[in-house]
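J.: For reference, the structure I am asking about is given below.
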Amino acid sequence: FFLLVVVILLLRGTVQNTMKLIFLLTLFSPLAVSSFLSTASFIPRPNHIAATTTTNSALEMSTTENSVDVSRFMAGPRPEGTDQYVMQQTMVRVKDPMKSLEFYCDVLGFKLVMYREFPQWGFNVYFVAPVESVTIPEGADAQWDYCMKLPGCIELTWNYGSEKEEGLVYNTGNADSTGTSDGEKVKGGFGHLGITVPDVYEACERFKKAGCTFTKTPNSGGMKGLAFVKDPDGYLIEILPQGPMITKPLDCDGIAAEGGEGYKDNSK
């Protein structure tokens, strides 16, 4: 009977059952308690119980010489008080809101989930995200609550009058001279936004038909199976697969998978 109870408690694997098991063991032998605790690392922990070690060898993926061990940032629970924090948005300034909304909604398939107008300060903001229209609630307050808890939004900020300026208005961060006082390209920190799709090659065929500008098609360059397109303001959008990085013989520009020029640092 005792062995049956032990097995049942182990299989259920909760902290409460573990404590019950330790209590039962103390009734029979203190040595059994010591032995159990020394071999109980397999017992599941709730998310709020921190692991006793700060690193996990199974997470140490880097084999690059002189690289740093970042495994501890993948292990254990989130810091106390942060469990409901959300990576909610990235903001980019746009020249023409209609052109940007047409790109993000009609081409990339996002939906406008909320917008706010601030005429007293001369700008509007538009939040887009890859969701279905039926999930967007009605009413400004409900849309605010929905949007603020929605991961992965893009906030498109339009400053009144920018749509009337000639040419590109905002620096994209990628070896771009837009907005610089001396006309020289700058080594920017911002790189790109990114989406994932079921099939990169099929998505790029669609983007090509929609008239998108590519800076990299799936087979061009040294990294195969991914692509970059520009939005109306020149910001780069990376297109990555939702599964393995596969290649196909030809991409949307007819470029073969063999060959390639190698990696290029677009910040320079």
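To be explicit about the labels: the chains of the structure tokens are called A, B, and onward in the order shown, and within each one the residues are counted from 1, while ligands get numbers from 1 in the order they are shown.
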Please identify all polymer residues within 12 Å of stretch 244-249 of chain A, counting only C-alpha atoms, omitting same-chain residues fewer than 6 positions from it, and present them as number ranges by chain.

T.: A: 196-202, 217-220, 222-227, 255-259

J.: With only C-alpha atoms as the atoms that count, which of A:Asp182, A:Glu102, A:Met74, A:Met91 lies nearest to A:Ala210?

T.: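 Once distances to A:Ala210 are computed over only C-alpha atoms, the minimum belongs to A:Glu102.
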
J.: Hey, what's within 10 Å of A:Glu132 if we count only C-alpha atoms and toss same-chain stuff fewer than 6 positions away? As a list in words, please?

T.: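 Everything that qualifies: Gly109, Phe110, Lys111, Leu112 and Val113 of chain A.
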
J.: Take the residues from that selection and write them out as a PDB file, in the first residue's frame, keeping N, CA, C and O atoms.

T.:
ATOM      1  N   GLY A 109      -1.255  41.669 -44.858  1.00  0.00           N
ATOM      2  CA  GLY A 109      -2.388  40.972 -44.259  1.00  0.00           C
ATOM      3  C   GLY A 109      -2.705  41.367 -42.833  1.00  0.00           C
ATOM      4  O   GLY A 109      -3.453  40.666 -42.142  1.00  0.00           O
ATOM      5  N   PHE A 110      -2.160  42.479 -42.355  1.00  0.00           N
ATOM      6  CA  PHE A 110      -2.474  42.944 -41.008  1.00  0.00           C
ATOM      7  C   PHE A 110      -3.854  43.605 -41.002  1.00  0.00           C
ATOM      8  O   PHE A 110      -4.460  43.822 -42.034  1.00  0.00           O
ATOM      9  N   LYS A 111      -4.324  43.938 -39.802  1.00  0.00           N
ATOM     10  CA  LYS A 111      -5.553  44.693 -39.643  1.00  0.00           C
ATOM     11  C   LYS A 111      -5.279  45.898 -38.754  1.00  0.00           C
ATOM     12  O   LYS A 111      -4.455  45.849 -37.839  1.00  0.00           O
ATOM     13  N   LEU A 112      -5.996  46.984 -39.032  1.00  0.00           N
ATOM     14  CA  LEU A 112      -5.936  48.156 -38.166  1.00  0.00           C
ATOM     15  C   LEU A 112      -6.767  47.841 -36.927  1.00  0.00           C
ATOM     16  O   LEU A 112      -7.978  47.644 -37.017  1.00  0.00           O
ATOM     17  N   VAL A 113      -6.111  47.752 -35.771  1.00  0.00           N
ATOM     18  CA  VAL A 113      -6.828  47.360 -34.560  1.00  0.00           C
ATOM     19  C   VAL A 113      -7.210  48.561 -33.700  1.00  0.00           C
ATOM     20  O   VAL A 113      -8.119  48.461 -32.864  1.00  0.00           O
TER      21      VAL A 113
END

J.: As a list in words, please: every residue in stretch 97-185 of chain A that a backbone DSSP assignment puts in strand (DSSP E or B).

T.: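 Taking stretch 97-185 of chain A and keeping strand (DSSP E or B) gives Lys111, Leu112, Val113, Met114, Tyr115, Arg116, Glu117, Phe118, Phe123, Asn124, Val125, Tyr126, Phe127, Val128, Ala129, Cys153, Ile154, Glu155, Leu156, Thr157, Trp158, Asn159 and Asp176 of chain A.
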
J.: Identify, on the basis of only C-alpha atoms, every residue whose closest approach to A:Gly173 does not exceed 9 Å; exclude the query and any residue fewer than 2 positions from it along the same chain; express the result as a list in words.

T.: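 In the requested form, the answer reads Asn171, Ala175, Asp176, Ser177, Val186, Lys187, Gly188, Gly189, Phe190, Gly191, His192, Tyr235, Asn266 and Ser267 of chain A.
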
J.: Enumerate as an MDAnalysis selection string all residues of stretch 34-262 of chain A assigned to alpha helix (DSSP H) by DSSP on the backbone, naming them with the chain letters and numbers the document uses.

T.: chainID A and resid 34:38 97:101 140:148 200:209

J.: Quick check, in Å to one decimal: how far apart do atom CA of A:Val107 and atom CA of A:Leu236 lie?

T.: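 Distance reported for this atom pair: 14.1 Å.
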
J.: I'd like the neighbourhood of stretch 230-234 of chain A as a PDB file with N, CA and C atoms, in the first residue's frame, where a residue qualifies if any of its atoms comes within 9 Å (using only C-alpha atoms), though same-chain residues fewer than 5 positions away should be ignored.

T.:
ATOM      1  N   ARG A  93       7.796  56.002 -37.883  1.00  0.00           N
ATOM      2  CA  ARG A  93       7.141  57.173 -38.455  1.00  0.00           C
ATOM      3  C   ARG A  93       6.940  56.954 -39.947  1.00  0.00           C
ATOM      4  N   VAL A  94       5.790  57.382 -40.433  1.00  0.00           N
ATOM      5  CA  VAL A  94       5.472  57.169 -41.849  1.00  0.00           C
ATOM      6  C   VAL A  94       5.090  58.494 -42.505  1.00  0.00           C
ATOM      7  N   LYS A  95       5.391  58.573 -43.775  1.00  0.00           N
ATOM      8  CA  LYS A  95       5.129  59.801 -44.530  1.00  0.00           C
ATOM      9  C   LYS A  95       3.658  59.954 -44.877  1.00  0.00           C
ATOM     10  N   ASP A  96       3.059  58.878 -45.389  1.00  0.00           N
ATOM     11  CA  ASP A  96       1.675  58.912 -45.859  1.00  0.00           C
ATOM     12  C   ASP A  96       0.918  57.748 -45.218  1.00  0.00           C
ATOM     13  N   LYS A  99      -0.898  55.142 -47.666  1.00  0.00           N
ATOM     14  CA  LYS A  99      -0.002  54.230 -48.368  1.00  0.00           C
ATOM     15  C   LYS A  99       0.555  53.166 -47.423  1.00  0.00           C
ATOM     16  N   SER A 100       0.869  53.578 -46.197  1.00  0.00           N
ATOM     17  CA  SER A 100       1.404  52.617 -45.228  1.00  0.00           C
ATOM     18  C   SER A 100       0.346  51.600 -44.825  1.00  0.00           C
ATOM     19  N   PHE A 103      -0.132  49.050 -47.490  1.00  0.00           N
ATOM     20  CA  PHE A 103       0.942  48.056 -47.516  1.00  0.00           C
ATOM     21  C   PHE A 103       0.777  47.047 -46.391  1.00  0.00           C
ATOM     22  N   TYR A 104       0.658  47.526 -45.167  1.00  0.00           N
ATOM     23  CA  TYR A 104       0.628  46.609 -44.026  1.00  0.00           C
ATOM     24  C   TYR A 104      -0.659  45.783 -43.971  1.00  0.00           C
ATOM     25  N   LEU A 168      11.718  60.564 -49.884  1.00  0.00           N
ATOM     26  CA  LEU A 168      11.645  59.896 -48.594  1.00  0.00           C
ATOM     27  C   LEU A 168      11.880  60.900 -47.468  1.00  0.00           C
ATOM     28  N   VAL A 169      11.237  60.668 -46.338  1.00  0.00           N
ATOM     29  CA  VAL A 169      11.284  61.619 -45.235  1.00  0.00           C
ATOM     30  C   VAL A 169      12.108  61.105 -44.058  1.00  0.00           C
ATOM     31  N   TYR A 170      12.026  59.801 -43.772  1.00  0.00           N
ATOM     32  CA  TYR A 170      12.619  59.259 -42.553  1.00  0.00           C
ATOM     33  C   TYR A 170      13.778  58.314 -42.839  1.00  0.00           C
ATOM     34  N   ASN A 171      14.800  58.396 -41.994  1.00  0.00           N
ATOM     35  CA  ASN A 171      15.962  57.526 -42.112  1.00  0.00           C
ATOM     36  C   ASN A 171      15.592  56.126 -41.646  1.00  0.00           C
ATOM     37  N   THR A 172      15.948  55.132 -42.444  1.00  0.00           N
ATOM     38  CA  THR A 172      15.570  53.749 -42.133  1.00  0.00           C
ATOM     39  C   THR A 172      16.598  53.021 -41.272  1.00  0.00           C
ATOM     40  N   CYS A 212       5.838  45.061 -54.767  1.00  0.00           N
ATOM     41  CA  CYS A 212       6.796  45.363 -53.696  1.00  0.00           C
ATOM     42  C   CYS A 212       8.216  45.492 -54.233  1.00  0.00           C
ATOM     43  N   THR A 213       9.008  46.300 -53.560  1.00  0.00           N
ATOM     44  CA  THR A 213      10.422  46.435 -53.879  1.00  0.00           C
ATOM     45  C   THR A 213      11.221  45.484 -52.996  1.00  0.00           C
ATOM     46  N   PHE A 214      12.005  44.619 -53.609  1.00  0.00           N
ATOM     47  CA  PHE A 214      12.834  43.665 -52.876  1.00  0.00           C
ATOM     48  C   PHE A 214      14.251  44.208 -52.741  1.00  0.00           C
ATOM     49  N   THR A 215      14.843  44.014 -51.578  1.00  0.00           N
ATOM     50  CA  THR A 215      16.286  44.214 -51.450  1.00  0.00           C
ATOM     51  C   THR A 215      16.985  42.864 -51.432  1.00  0.00           C
TER      52      THR A 215
END

J.: From the set A:Leu108, A:Val131, A:Cys147, A:Met98, which residue has the shortest atom-to-atom contact distance to A:Cys204, counting only C-alpha atoms?

T.: A:Leu108

J.: At what distance in Å, to one decimal, does atom CA of A:Thr135 lie from atom CA of A:Lys209?

T.: 28.8 Å

J.: List the neighbours of A:Tyr115 out to 10 Å using only C-alpha atoms; skip same-chain residues closer than 2 positions along the sequence, and give me the result as a PyMOL selection string.

T.: chain A and resi 112-113+117+124-128+140+143-144+147+155-157

J.: Can you work out the spacing between atom CA of A:Leu150 and atom CA of A:Val86 in Å, to one decimal?

T.: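 Computed distance, atom CA of A:Leu150 to atom CA of A:Val86, equals 7.5 Å.
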